[in-house]
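*Asks:* File name structure01.cif; file contents mmCIF, C-alpha atoms; full text below.
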data_data
loop_
_atom_site.label_atom_id
_atom_site.label_comp_id
_atom_site.auth_asym_id
_atom_site.auth_seq_id
_atom_site.Cartn_x
_atom_site.Cartn_y
_atom_site.Cartn_z
CA MET W 1 -30.02 3.76 -21.72
CA SER W 2 -31.79 3.48 -18.37
CA HIS W 3 -30.80 0.89 -15.79
CA ALA W 4 -33.26 -1.75 -14.67
CA VAL W 5 -34.71 -1.26 -11.21
CA MET W 6 -34.46 -3.98 -8.58
CA THR W 7 -37.58 -5.18 -6.82
CA PRO W 8 -38.01 -4.16 -3.15
CA ASP W 9 -36.98 -7.65 -2.00
CA LEU W 10 -33.74 -7.57 -4.00
CA GLN W 11 -33.04 -3.99 -2.95
CA ALA W 12 -33.42 -5.01 0.69
CA PHE W 13 -31.09 -7.98 0.11
CA SER W 14 -28.46 -5.74 -1.53
CA GLU W 15 -28.41 -3.67 1.68
CA HIS W 16 -28.47 -6.70 3.97
CA LEU W 17 -25.31 -7.26 6.02
CA VAL W 18 -24.40 -10.55 7.69
CA ALA W 19 -22.45 -10.36 10.96
CA HIS W 20 -20.67 -13.65 10.31
CA PRO W 21 -17.86 -14.95 12.58
CA ARG W 22 -14.90 -14.02 10.37
CA LEU W 23 -16.18 -10.49 9.86
CA LEU W 24 -16.77 -9.92 13.57
CA SER W 25 -13.36 -11.33 14.51
CA VAL W 26 -11.47 -9.15 12.04
CA GLN W 27 -13.55 -6.11 12.96
CA ASP W 28 -12.80 -6.54 16.68
CA HIS W 29 -9.08 -6.98 16.06
CA LEU W 30 -8.93 -3.98 13.76
CA GLU W 31 -10.63 -1.81 16.38
CA ALA W 32 -8.11 -3.09 18.95
CA ALA W 33 -5.16 -2.44 16.64
CA ILE W 34 -6.29 1.13 15.99
CA GLY W 35 -6.74 1.90 19.68
CA ALA W 36 -3.64 0.11 20.97
CA PRO W 37 -0.71 2.24 22.19
CA GLY W 38 2.76 1.75 20.78
CA ASP W 39 4.69 2.28 17.59
CA ALA W 40 2.39 0.32 15.25
CA ASP W 41 0.85 3.39 13.61
CA LEU W 42 0.36 1.64 10.26
CA VAL W 43 -2.26 -1.13 10.23
CA LEU W 44 -2.54 -3.38 7.17
CA VAL W 45 -5.79 -5.21 6.40
CA PRO W 46 -4.91 -7.58 3.55
CA GLY W 47 -7.25 -10.19 2.13
CA PRO W 48 -8.56 -11.55 -1.15
CA THR W 49 -10.96 -9.48 -3.17
CA GLY W 50 -14.61 -10.21 -2.44
CA VAL W 51 -14.38 -11.09 1.27
CA GLY W 52 -16.01 -7.82 2.39
CA LYS W 53 -13.04 -5.66 3.42
CA THR W 54 -14.59 -2.42 2.15
CA THR W 55 -17.83 -3.04 4.06
CA MET W 56 -15.96 -3.98 7.24
CA VAL W 57 -13.60 -1.00 7.08
CA GLY W 58 -16.56 1.30 6.48
CA THR W 59 -18.22 -0.02 9.64
CA VAL W 60 -15.04 0.46 11.69
CA SER W 61 -14.52 3.99 10.37
CA ARG W 62 -18.07 4.92 11.41
CA HIS W 63 -17.45 3.51 14.89
CA GLN W 64 -14.23 5.48 15.18
CA ARG W 65 -15.98 8.71 14.19
CA LEU W 66 -18.42 8.26 17.05
CA GLY W 67 -15.47 8.17 19.46
CA TYR W 68 -14.38 11.64 18.35
CA SER W 69 -17.81 13.27 18.32
CA ASP W 70 -16.77 15.70 21.08
CA LEU W 71 -14.23 17.55 18.91
CA GLY W 72 -14.97 21.07 17.74
CA PRO W 73 -16.60 22.20 14.48
CA GLY W 74 -14.54 22.03 11.32
CA THR W 75 -12.57 18.99 12.47
CA ARG W 76 -12.31 15.72 10.51
CA PRO W 77 -10.86 13.23 13.01
CA VAL W 78 -11.51 10.20 10.77
CA ILE W 79 -11.31 10.28 6.99
CA SER W 80 -11.65 7.55 4.35
CA VAL W 81 -9.91 7.86 0.99
CA LEU W 82 -9.86 5.64 -2.09
CA THR W 83 -6.22 5.08 -2.95
CA PRO W 84 -5.46 6.46 -6.44
CA SER W 85 -4.47 4.02 -9.14
CA TYR W 86 -0.93 3.48 -10.39
CA SER W 87 0.79 3.74 -13.76
CA ALA W 88 3.32 1.56 -15.54
CA HIS W 89 6.03 3.51 -13.71
CA GLY W 90 4.63 2.68 -10.29
CA PHE W 91 2.58 4.51 -7.71
CA ALA W 92 2.97 8.28 -7.55
CA PHE W 93 2.82 9.38 -3.92
CA LYS W 94 1.85 12.87 -5.09
CA ASP W 95 -1.49 11.43 -6.25
CA LEU W 96 -2.21 10.24 -2.71
CA LEU W 97 -1.36 13.67 -1.31
CA TYR W 98 -3.80 15.23 -3.78
CA ALA W 99 -6.48 12.73 -2.75
CA LEU W 100 -5.99 13.55 0.93
CA LEU W 101 -6.16 17.30 0.26
CA ALA W 102 -9.31 16.84 -1.81
CA GLU W 103 -10.97 14.76 0.94
CA LEU W 104 -10.18 17.54 3.43
CA LEU W 105 -11.69 20.10 1.03
CA GLU W 106 -8.43 22.04 1.02
CA PRO W 107 -8.88 25.27 -0.99
CA GLY W 108 -7.11 25.32 -4.35
CA THR W 109 -6.70 21.55 -4.62
CA ASN W 110 -8.61 21.36 -7.90
CA SER W 111 -6.32 23.93 -9.51
CA LYS W 112 -3.19 21.91 -8.75
CA VAL W 113 -3.32 19.80 -11.87
CA MET W 114 -1.16 19.38 -14.96
CA TYR W 115 -2.73 20.76 -18.11
CA PRO W 116 -1.22 19.46 -21.36
CA PRO W 117 0.11 22.08 -23.79
CA VAL W 118 -2.26 23.28 -26.51
CA GLY W 119 -0.85 22.60 -29.96
CA ASP W 120 2.78 23.66 -30.16
CA ASP W 121 2.52 25.89 -27.11
CA ILE W 122 5.16 24.56 -24.71
CA ASP W 123 5.90 27.82 -22.90
CA PHE W 124 6.55 26.72 -19.32
CA LEU W 125 5.20 30.08 -18.10
CA ILE W 126 1.83 29.36 -19.69
CA ARG W 127 1.55 25.71 -18.74
CA ARG W 128 0.20 25.12 -15.26
CA ARG W 129 2.45 22.69 -13.48
CA ARG W 130 1.83 20.39 -10.56
CA ASP W 131 3.37 21.46 -7.30
CA PRO W 132 6.54 19.62 -6.27
CA GLU W 133 5.97 16.72 -3.89
CA GLY W 134 7.66 18.56 -1.03
CA VAL W 135 5.20 21.46 -1.33
CA LEU W 136 2.24 19.07 -1.47
CA ARG W 137 3.51 17.13 1.53
CA ALA W 138 3.81 20.31 3.60
CA ALA W 139 0.32 21.42 2.56
CA CYS W 140 -1.08 17.98 3.42
CA ILE W 141 0.59 17.93 6.83
CA ASN W 142 -0.80 21.38 7.64
CA ALA W 143 -4.28 20.36 6.50
CA LEU W 144 -4.21 17.15 8.56
CA LYS W 145 -3.19 19.09 11.66
CA ARG W 146 -5.67 21.89 11.11
CA ARG W 147 -8.58 19.48 10.63
CA GLY W 148 -7.57 17.39 13.65
CA VAL W 149 -7.26 14.16 11.66
CA ARG W 150 -6.46 11.18 13.89
CA ILE W 151 -7.15 8.18 11.62
CA ILE W 152 -6.88 7.75 7.85
CA PHE W 153 -8.51 4.75 6.15
CA LEU W 154 -7.13 3.99 2.68
CA ASP W 155 -9.14 1.50 0.62
CA GLU W 156 -7.67 -0.33 -2.41
CA ALA W 157 -4.29 0.28 -0.78
CA GLN W 158 -2.61 -2.47 -2.82
CA HIS W 159 -2.07 0.27 -5.41
CA LEU W 160 0.70 1.60 -3.16
CA CYS W 161 2.89 -1.41 -3.89
CA LYS W 162 1.92 -2.13 -7.47
CA ALA W 163 4.21 -1.72 -10.47
CA GLY W 164 7.27 -1.38 -8.30
CA GLY W 165 9.83 -3.51 -6.50
CA PRO W 166 11.02 -3.48 -2.88
CA VAL W 167 12.85 -0.17 -3.29
CA HIS W 168 9.68 1.52 -4.57
CA ILE W 169 7.52 0.01 -1.81
CA GLU W 170 10.03 1.02 0.86
CA ALA W 171 10.01 4.60 -0.47
CA VAL W 172 6.20 4.69 -0.25
CA LEU W 173 6.31 3.36 3.32
CA GLU W 174 8.91 5.95 4.30
CA SER W 175 6.63 8.68 2.93
CA LEU W 176 3.72 7.29 4.95
CA LYS W 177 5.92 7.11 8.04
CA TYR W 178 6.84 10.76 7.58
CA LEU W 179 3.16 11.74 7.50
CA ILE W 180 2.57 9.69 10.64
CA LEU W 181 5.48 11.20 12.55
CA ALA W 182 4.67 14.75 11.43
CA THR W 183 0.95 14.63 12.28
CA GLY W 184 0.43 11.80 14.79
CA VAL W 185 -2.20 10.12 12.63
CA ARG W 186 -2.78 6.38 12.46
CA ILE W 187 -3.17 4.97 8.94
CA VAL W 188 -5.18 1.87 8.03
CA LEU W 189 -4.42 0.30 4.64
CA ALA W 190 -7.07 -2.12 3.32
CA GLY W 191 -6.44 -4.05 0.13
CA THR W 192 -5.56 -7.37 -1.45
CA ASP W 193 -2.90 -9.74 -0.18
CA ASP W 194 -0.36 -7.74 -2.20
CA LEU W 195 -0.16 -5.57 0.91
CA THR W 196 1.96 -8.28 2.53
CA HIS W 197 4.80 -7.10 0.26
CA MET W 198 5.12 -4.17 2.67
CA ILE W 199 6.37 -6.19 5.61
CA ASP W 200 9.93 -7.24 6.43
CA LEU W 201 11.52 -4.58 4.20
CA ASN W 202 13.53 -3.25 7.10
CA GLY W 203 13.32 -3.49 10.86
CA GLN W 204 12.45 0.16 11.50
CA LEU W 205 9.44 0.03 9.19
CA SER W 206 8.32 -3.44 10.30
CA ARG W 207 7.98 -2.43 13.94
CA ARG W 208 5.51 0.28 12.90
CA ILE W 209 3.29 -2.16 11.01
CA GLU W 210 0.55 -4.40 12.36
CA ILE W 211 -1.33 -6.84 10.13
CA VAL W 212 -4.95 -7.91 10.57
CA HIS W 213 -5.59 -10.50 7.87
CA PHE W 214 -9.13 -10.85 6.49
CA GLY W 215 -9.23 -14.23 4.78
CA ARG W 216 -11.89 -16.33 3.12
CA TYR W 217 -13.64 -19.34 4.59
CA ARG W 218 -11.80 -22.55 3.80
CA ALA W 219 -13.40 -25.83 2.84
CA ASP W 220 -10.68 -27.84 4.59
CA VAL W 221 -11.50 -26.34 8.01
CA GLN W 222 -14.74 -27.63 9.57
CA ALA W 223 -15.33 -24.47 11.61
CA ASP W 224 -15.12 -22.45 8.39
CA VAL W 225 -17.56 -24.77 6.64
CA ASP W 226 -20.04 -24.40 9.51
CA ALA W 227 -19.71 -20.62 9.40
CA PHE W 228 -20.17 -20.56 5.62
CA VAL W 229 -23.36 -22.63 5.91
CA SER W 230 -24.64 -20.26 8.61
CA VAL W 231 -24.13 -17.39 6.14
CA LEU W 232 -26.21 -19.28 3.60
CA ASP W 233 -28.97 -19.73 6.19
CA ASP W 234 -28.91 -16.00 6.88
CA PHE W 235 -29.13 -15.20 3.17
CA GLN W 236 -31.95 -17.76 2.81
CA ALA W 237 -34.02 -15.89 5.40
CA ALA W 238 -33.43 -12.62 3.54
CA LEU W 239 -34.52 -14.10 0.17
CA PRO W 240 -38.19 -15.14 0.45
CA MET W 241 -38.39 -15.65 -3.33
CA LEU W 242 -36.06 -18.68 -3.23
CA THR W 243 -37.80 -22.04 -3.45
CA PHE W 244 -34.79 -24.29 -2.77
CA SER W 245 -32.34 -24.55 0.11
CA LEU W 246 -29.00 -22.80 -0.31
CA ALA W 247 -27.46 -24.88 2.47
CA ASP W 248 -28.26 -28.09 0.57
CA HIS W 249 -25.97 -26.87 -2.22
CA TRP W 250 -23.22 -25.30 -0.14
CA HIS W 251 -20.52 -27.23 -2.01
CA ASN W 252 -21.51 -25.61 -5.31
CA LEU W 253 -21.97 -22.15 -3.84
CA TYR W 254 -18.63 -22.44 -2.06
CA ASP W 255 -16.86 -23.35 -5.30
CA TRP W 256 -18.53 -20.52 -7.17
CA SER W 257 -17.63 -17.92 -4.52
CA ILE W 258 -14.32 -19.49 -3.36
CA GLY W 259 -15.49 -19.07 0.23
CA ARG W 260 -15.83 -15.26 0.04
CA VAL W 261 -19.03 -13.85 1.53
CA GLY W 262 -18.96 -10.65 -0.53
CA SER W 263 -18.60 -12.61 -3.77
CA LEU W 264 -21.33 -15.02 -2.64
CA LYS W 265 -23.74 -12.15 -2.07
CA ASN W 266 -23.00 -10.65 -5.48
CA LEU W 267 -23.46 -14.07 -7.09
CA LEU W 268 -26.91 -14.45 -5.50
CA LEU W 269 -27.91 -10.90 -6.31
CA ARG W 270 -26.99 -11.11 -10.00
CA ALA W 271 -28.63 -14.50 -10.52
CA LEU W 272 -31.86 -13.49 -8.80
CA PHE W 273 -31.97 -10.23 -10.74
CA ARG W 274 -31.65 -12.11 -14.04
CA ALA W 275 -34.37 -14.55 -12.99
CA GLU W 276 -36.77 -11.77 -12.03
CA ALA W 277 -36.01 -9.85 -15.22
CA SER W 278 -36.99 -12.92 -17.26
CA HIS W 279 -40.05 -13.59 -15.03
CA THR W 280 -38.85 -17.08 -14.15
CA GLN W 281 -38.36 -18.95 -10.90
CA ALA W 282 -34.71 -19.02 -9.83
CA SER W 283 -33.04 -22.42 -9.81
CA LEU W 284 -29.53 -23.61 -8.99
CA ASP W 285 -28.60 -23.41 -12.68
CA ASP W 286 -29.11 -19.65 -12.56
CA PHE W 287 -26.18 -19.42 -10.12
CA ARG W 288 -23.86 -21.68 -12.14
CA PRO W 289 -20.96 -19.74 -13.73
CA ASN W 290 -20.61 -19.68 -17.49
CA ALA W 291 -17.36 -20.39 -19.34
CA ALA W 292 -16.03 -16.84 -19.03
CA GLU W 293 -16.90 -16.70 -15.34
CA TRP W 294 -15.15 -20.05 -14.73
CA LYS W 295 -12.01 -18.63 -16.32
CA SER W 296 -12.23 -15.57 -14.08
CA LEU W 297 -12.69 -17.79 -11.02
CA ASP W 298 -9.57 -19.76 -11.94
CA THR W 299 -7.59 -16.52 -12.11
CA GLN W 300 -9.00 -15.32 -8.80
CA LEU W 301 -8.25 -18.64 -7.11
CA GLY W 302 -4.66 -18.52 -8.29
CA GLU W 303 -4.23 -15.03 -6.84
CA ILE W 304 -5.90 -16.09 -3.58
CA LEU W 305 -3.64 -19.11 -3.13
CA THR W 306 -0.56 -17.01 -3.85
CA GLY W 307 -1.65 -14.41 -1.32
CA GLU W 308 -2.42 -17.03 1.33
CA ALA W 309 1.01 -18.60 0.84
CA ARG W 310 2.63 -15.18 1.20
CA PHE W 311 0.66 -14.47 4.36
CA SER W 312 1.53 -17.87 5.82
CA ALA W 313 5.21 -17.16 5.21
CA ALA W 314 4.91 -13.91 7.18
CA HIS W 315 2.61 -15.40 9.83
CA ALA W 316 5.44 -16.12 12.25
CA ALA W 317 6.06 -12.38 12.73
CA ASP W 318 4.99 -11.01 16.11
CA ASN W 319 3.05 -8.10 14.61
CA VAL W 320 0.60 -10.30 12.66
CA ARG W 321 -2.83 -10.93 14.15
CA ASP W 322 -4.19 -14.37 13.19
CA ASP W 323 -7.89 -13.87 12.47
CA ASN W 324 -8.17 -16.97 10.32
CA VAL W 325 -7.75 -20.66 10.95
CA ILE W 326 -4.71 -21.27 8.79
CA ALA W 327 -4.53 -24.87 7.67
CA ALA W 328 -1.31 -26.70 8.38
CA LYS W 329 1.16 -26.61 5.54
CA PRO W 330 0.96 -29.80 3.49
CA THR W 331 3.85 -32.17 3.77
CA ARG W 332 6.24 -32.10 0.86
CA VAL W 333 5.39 -34.72 -1.73
CA LYS W 334 8.41 -36.61 -3.04
CA PRO W 335 9.01 -36.53 -6.82
CA PRO W 336 7.86 -39.61 -8.75
CA PHE W 337 10.13 -42.65 -8.97
CA THR W 338 12.21 -41.56 -5.95
CA ARG W 339 12.47 -43.34 -2.64
CA ASN W 340 11.70 -41.90 0.77
CA PRO W 341 14.73 -40.76 2.80
CA GLU W 342 13.90 -43.52 5.28
CA ARG W 343 13.27 -47.19 4.61
CA ASP W 344 9.67 -47.98 3.61
CA PRO W 345 7.66 -49.97 6.21
CA VAL W 346 7.58 -53.73 5.67
CA GLY W 347 5.39 -56.53 7.01
CA ASP W 348 4.49 -60.14 6.64
CA PRO W 349 3.54 -61.21 3.10
CA GLY W 350 -0.18 -60.70 2.55
CA SER W 351 -0.62 -58.30 5.49
CA GLU W 352 -1.79 -54.67 5.23
CA ALA W 353 1.67 -53.49 6.25
CA ALA W 354 3.21 -55.38 3.30
#
Just dump the structure as structure tokens.

*Replies:*
Amino acid sequence: MSHAVMTPDLQAFSEHLVAHPRLLSVQDHLEAAIGAPGDADLVLVPGPTGVGKTTMVGTVSRHQRLGYSDLGPGTRPVISVLTPSYSAHGFAFKDLLYALLAELLEPGTNSKVMYPPVGDDIDFLIRRRRDPEGVLRAACINALKRRGVRIIFLDEAQHLCKAGGPVHIEAVLESLKYLILATGVRIVLAGTDDLTHMIDLNGQLSRRIEIVHFGRYRADVQADVDAFVSVLDDFQAALPMLTFSLADHWHNLYDWSIGRVGSLKNLLLRALFRAEASHTQASLDDFRPNAAEWKSLDTQLGEILTGEARFSAAHAADNVRDDNVIAAKPTRVKPPFTRNPERDPVGDPGSEAA
């Protein structure tokens, strides 16, 4: 079945990038963290899904490549790798080593796979086995050195700490630290707020980690609201087919995107595509989520709030860059039918104080 083709206007909008304040702030701080001297050779870029981390990291990686354009032929100073997924038993670091070797076009990488036995044939001499992790690690270190790799960007890096507890995450971090010490590379991990599980495991690892948080725009911060509306104005200019003002409905669009610019763009793109496919004029109802999408938004919001609370708890650490206006923690609400620890204010009968 063939896929429908977008109109030129929608195709141009799908490629349109908005240099909004949050994006520029995080991008500048990430560039500074990569270039800063010191022991922080592991940079974490956590944030909720849909804020635009992949786009931002791609821009930074391209900028970094330009800085190493004077290196000789055959070198790969900056590489970007999609972090392999994880299984029910946790993340297998060997899979990441394979991914790095494949990105570097290391000869023989494709042959280093596990083939299942055919029928009852379980002869270990016939089965092709994966190399032990130590052999892969040595091959990866040699390849990184030979190709002159200086920076590694890992997207979807939350896979590193999935399906495993603190001991598992600490083991993964120790393996990354070994690669860093053996090759001198700097590693950037971009992923969801689950990445914050990697901090404060032990002091030696924590001093090598710097965090650049990429958060959403928040409706309880006026500066964030203004920036979100400016994004809508930018999108409005890039969508000549719209006949109503996006900014006039920013409350709805904020709720439906949860303040994430990447999710907002996808929401607009899908709704406009459906409207054009049905040869109708797009209205606000075309952007309204259906029942299944509302359920998905509830799940996403729960994950976002959990991640923001986890980041706020770690925000006091010295190695965390604050690229978001974090709202003050709400005061604790006392349980019902209990008195305040101090005497309630009193006043004259009939007064506001009473």

*Asks:* Counting all atoms listed in the file, figure out which residue out of W:Leu239, W:Trp256, W:His251, W:His197 gets nearest to Ala12 (chain W).

*Replies:*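 Ranked by minimum distance to Ala12 (chain W), first place goes to W:Leu239.
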
*Asks:* What's the 7 Å shell around region 287-300 of chain W, counting only C-alpha atoms, without same-chain residues fewer than 6 positions away, as a list of chain:residue names?

*Replies:*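 Within the cut-off, the hits are W:Leu267, W:Leu268, W:Ala271.
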
*Asks:* Which of these residues is nearest to Val167 (chain W), using only C-alpha atoms: W:Ala309, W:Met198, W:Leu144, W:Leu97?

*Replies:*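 Checking each candidate against Val167 (chain W), we get W:Met198 as the closest.
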
*Asks:* As an exercise, work out the distance from CA of Ala190 (chain W) to CA of Ala157 (chain W) in Å and give it to one decimal place.

*Replies:*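 Value for the CA of Ala190 (chain W)-CA of Ala157 (chain W) distance: 5.5 Å.
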
*Asks:* I'd like the contact shell of Glu170 (chain W) - 12 Å cut-off, all atoms listed in the file, skipping same-chain residues fewer than 6 positions apart - returned as a list in words.

*Replies:*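 That gives Phe91, Leu160, Cys161, Gly164, Leu176, Lys177, His197, Met198, Ile199, Asp200, Leu201, Asn202, Gly203, Gln204, Leu205 and Ser206 of chain W.
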
*Asks:* If we count only C-alpha atoms, what is near Thr306 (chain W) at a cut-off of 10 Å, once residues fewer than 6 positions away on the same chain are taken out, given as a PDB file with C-alpha atoms, in the frame of the given file?

*Replies:*
ATOM      1  CA  ASP W 193      -2.900  -9.740  -0.180  1.00  0.00           C
ATOM      2  CA  ASP W 194      -0.360  -7.740  -2.200  1.00  0.00           C
ATOM      3  CA  GLN W 300      -9.000 -15.320  -8.800  1.00  0.00           C
ATOM      4  CA  SER W 312       1.530 -17.870   5.820  1.00  0.00           C
TER       5      SER W 312
END

*Asks:* With distances taken over all atoms listed in the file, which residue among W:Val57, W:Val81, W:Ile304, W:Leu136 lies nearest Lys94 (chain W)?

*Replies:*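 For Lys94 (chain W), the nearest of the given residues is W:Leu136.
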
*Asks:* Which residue out of W:Lys145, W:Arg150, W:His89, W:Arg218 has the minimum interatomic distance to Lys162 (chain W) when only C-alpha atoms are used?

*Replies:*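 Comparing W:Lys145, W:Arg150, W:His89, W:Arg218 against Lys162 (chain W), the winner is W:His89.
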
*Asks:* For the PyMOL selection byres ((chain W and resi 63-76) around 6), applied here, can you spell out every residue it catches as a PyMOL selection string?

*Replies:* chain W and resi 60-62+77-78+147-149

*Asks:* If you measure from CA of Leu82 (chain W) to CA of Phe153 (chain W), what distance in Å do you get, rounded to one decimal?

*Replies:*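 Separation between CA of Leu82 (chain W) and CA of Phe153 (chain W): 8.4 Å.
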
*Asks:* As a ChimeraX atom specification, please: the residues near Thr243 (chain W) (cut-off 10 Å, only C-alpha atoms, same-chain neighbours under 2 positions excluded).

*Replies:* /W:236,239-241,245-246,281-283
